Amino acid sequence: METLQFLSDGFGVAMQWRNLLFAFFGVLIGTAVGVLPGIGPMSGVALLIPITATLTSGLDAQNAAASSIILLAGVYYGAMYGGSTTSILLNTPGESSSVVTALDGYQMAKQGRAGAALSIAAIGSFVAGIVSLLGLVLLAKPLSALALSFGPPEYFSLMLLGLCAVSGLAGKSITKALIMTVLGLLLATIGIDNVSGVSRFTYGNIYLYSGLEFLTVAVGLFALGEVFRSILEKDDGDGKIAKVGRILPTKQDMKDSTKPIIRGSLLGFFIGVLPGAGATLASFFSYIAEKKISKNPGKFGKGAIEGVAAPESANNAASGGAMIPLLTMGIPGSGTTAILMGALIMYNVQPGPLLFDDHPEVAWGLIASMFIGNVMLLILNMPLVKVFAKVIETPAKYLLPIIIAISIFGVYAVQMNTFDLLLLVGCGVFGYLFAKQDYPVAPLVLALVLGPMIENNMRRALTSSNGDFSIFVTRPISLFFLVIGVLWILIPLILKWMGRNVVINDEE
Amino acid sequence: MNKTFDRYAGIVFLLIGVFFIMESRRISASSYGSNVGPDIFPIGLGVVLILLSIRLLYETLKYNKQGKKESKPDYKGFLVIFIATVLYVLLLETLGYVITTFAFLLTSFQVMERGGWLKSIIIAAALSFGVYYVFVEVLQGSLPGFPM
């Protein structure tokens, strides 16, 4: 088994003391990010990129990339653990992926079973992490082999599919989501065109020649946008924090949640692999599925442990599943994986089918470190749940200005110029306005990362076909991707249209 | 949904689309022997953006008039913090990291909630010196330290 050999090499990389330390800090910071309201996995990962870049500056590119990505991925799945804590204790989810956890988790906390809910969430997340890792190990080789057979037209269509999927599922209005996607693609064209070397839309501004830096835009739109919203709409809901109580779950709790954990893990993993779906939908679907399967659905919403176990497993499995399209095909399916991809590109490591051949220590090291990181999270979360519960009490008065300061520090440490800082603040204002008016920002960031690659592949395909656009529909795989992409946009529209009819009927 | 905002946004997006199309036409044609130059992609996107903006404007016609009652946002506090942020960004290179960060943090702590001066000063000072020390001395990074 060649894969096993690679995996054990991966463990060799992940067990180096430096990478163990990086994984540890990654999951620790991730848990804190998940617990703190106002800072999500996306801004958390984006904020840490400059710090890891500095930490790894003494290493050669290969090791630096492996160590950084180990830390950043740790933040990503660590946040999934942490997000459940606030849902359960405060009824205010730290992440959107933990919204459904609050339904039963907070009820459990009110009944004095907060400790059991928290530990089941941690155990479920751990099992899910392992399940998604096994999936990653099994699927990595075949999928990257498949992706290697793709030419420029297939890649173009596949990336278009990714964008359609993210836009189709983001926000209330598909029109708005598509506008944000196109805007992201247009912003990505700013700078020197790397095919012809012509500068586009730069107007003599030297900072624009290299294009808008995605890190600046992402931190601005997500982190600053969220901080500005919190300042404007002072939403520090003075909820009482429930007592944690007994931490270990009872035997009955374990028995009740074993199957939901396994079902949630599998469902979450497959939803995570799909582009655009991500952790929030995974937790939502698995909750609905458990309610449908359950013999007495009436207990959901009143503190059913299944209602905590399934969605918490699902959202963690989804974050593992989301790594698959990123690592094997080089296509991020969500905002956070887009940021991880941006980080890899910063180290000249191009995610995609060649990653497993060109940089096996990065790919397999990351996979192995996710296994280790999940063990660390389980050990961290069971005894330290009470400590993390304290983190929630950080007053907004101090937290919000500090997030602004960290954003500015992070961007300046990498970009070293005032132009990017002004862009950062501008993006923060737009991030607030967009989010408030239901214009989803994740598609914009994804489009900004994918834009140059989409354009390159489109132009390479068109050059080989002498400018004939039919190349995208005559190649079967490319056509297949395009059809799915169109369906992804159309099906929600049709469902909405049917749904609207139903509502009108009700009113009459 | 806010009808007025979406209507203005639709017009702005439409203008952005027109702008990108017009400016793309000024890009010099590709020197390389292909009819797929650097202008095709932005022009195509500009067209799509215009179509989507028209769709958005059309959708705003169908919005229900009644808007949700929203609580009054804290514009004053936000404005002060926003101006402080802009000043922080503009003065960072001239006054150095430590002074600007300290001033920014102290101001915004007090804007968020008056009082607790001693605690605010200690946290602001610890963060501005701490980050600078760790980043520059320990990690060997580069930040503008103090005014020259």
# chains A, B, ... in the order shown; residues from 1 in each chain; ligands from 1
$ interface_residues --of "chain B" --to "chain A" --cutoff "7 Å" --atoms "only C-alpha atoms" --output "ChimeraX atom specification"
/B:1-2,27,30,34-36,38,41-42,45,49,52,56,73-75,78,89-90,105,108-109,112-113,139,141,143
$ write_last_selection --atoms "C-alpha atoms" --output "PDB file, in the first residue's frame"
ATOM      1  CA  MET B   1     -34.492  44.047   2.711  1.00  0.00           C
ATOM      2  CA  ASN B   2     -33.824  47.681   2.134  1.00  0.00           C
ATOM      3  CA  ILE B  27      -6.160  47.907 -22.905  1.00  0.00           C
ATOM      4  CA  SER B  30      -2.370  41.297 -26.898  1.00  0.00           C
ATOM      5  CA  SER B  34      -3.985  34.801 -30.093  1.00  0.00           C
ATOM      6  CA  ASN B  35      -7.316  36.452 -30.485  1.00  0.00           C
ATOM      7  CA  VAL B  36      -7.946  35.938 -26.773  1.00  0.00           C
ATOM      8  CA  PRO B  38      -6.347  40.440 -21.764  1.00  0.00           C
ATOM      9  CA  PHE B  41     -12.411  38.331 -19.478  1.00  0.00           C
ATOM     10  CA  PRO B  42     -13.151  41.724 -17.888  1.00  0.00           C
ATOM     11  CA  LEU B  45     -17.678  39.961 -16.647  1.00  0.00           C
ATOM     12  CA  LEU B  49     -22.518  42.414 -13.980  1.00  0.00           C
ATOM     13  CA  LEU B  52     -27.296  41.115 -12.897  1.00  0.00           C
ATOM     14  CA  LEU B  56     -31.496  43.436  -9.038  1.00  0.00           C
ATOM     15  CA  PRO B  73     -27.395  52.071  15.590  1.00  0.00           C
ATOM     16  CA  ASP B  74     -24.700  53.735  17.651  1.00  0.00           C
ATOM     17  CA  TYR B  75     -23.420  56.033  14.886  1.00  0.00           C
ATOM     18  CA  PHE B  78     -18.754  54.053  15.477  1.00  0.00           C
ATOM     19  CA  VAL B  89      -3.494  53.718   9.725  1.00  0.00           C
ATOM     20  CA  LEU B  90      -2.263  57.044   8.338  1.00  0.00           C
ATOM     21  CA  LEU B 105      -6.559  51.264  21.797  1.00  0.00           C
ATOM     22  CA  SER B 108     -11.517  53.078  21.454  1.00  0.00           C
ATOM     23  CA  PHE B 109     -11.648  51.362  24.854  1.00  0.00           C
ATOM     24  CA  MET B 112     -16.835  51.656  23.849  1.00  0.00           C
ATOM     25  CA  GLU B 113     -17.385  52.247  27.541  1.00  0.00           C
ATOM     26  CA  LEU B 139      10.515  36.931  15.839  1.00  0.00           C
ATOM     27  CA  GLY B 141      10.012  40.903  12.116  1.00  0.00           C
ATOM     28  CA  LEU B 143       7.677  47.247  12.187  1.00  0.00           C
TER      29      LEU B 143
END
$ residues_around --residues "Pro153 of chain A" --least-positions-apart "5" --cutoff "8 Å" --atoms "only C-alpha atoms" --output "PyMOL selection string"
chain A and resi 457-458+461+471-472+475+478
$ atom_distance --atom1 "atom CA of Leu384 of chain A" --atom2 "atom CA of Leu72 of chain A"
21.4 Å
$ select_by_dssp --residues "chain B" --states "alpha helix (DSSP H)" --output "JSON, numbers by chain"
{"B": [3, 4, 5, 6, 7, 8, 9, 10, 11, 12, 13, 14, 15, 16, 17, 18, 19, 20, 21, 22, 23, 24, 40, 41, 42, 43, 44, 45, 46, 47, 48, 49, 50, 51, 52, 53, 54, 55, 56, 57, 58, 59, 60, 61, 75, 76, 77, 78, 79, 80, 81, 82, 83, 84, 85, 86, 87, 88, 89, 90, 91, 92, 93, 94, 95, 97, 98, 99, 100, 101, 102, 103, 104, 105, 106, 107, 108, 109, 110, 111, 112, 117, 118, 119, 120, 121, 122, 123, 124, 125, 126, 127, 128, 129, 130, 131, 132]}
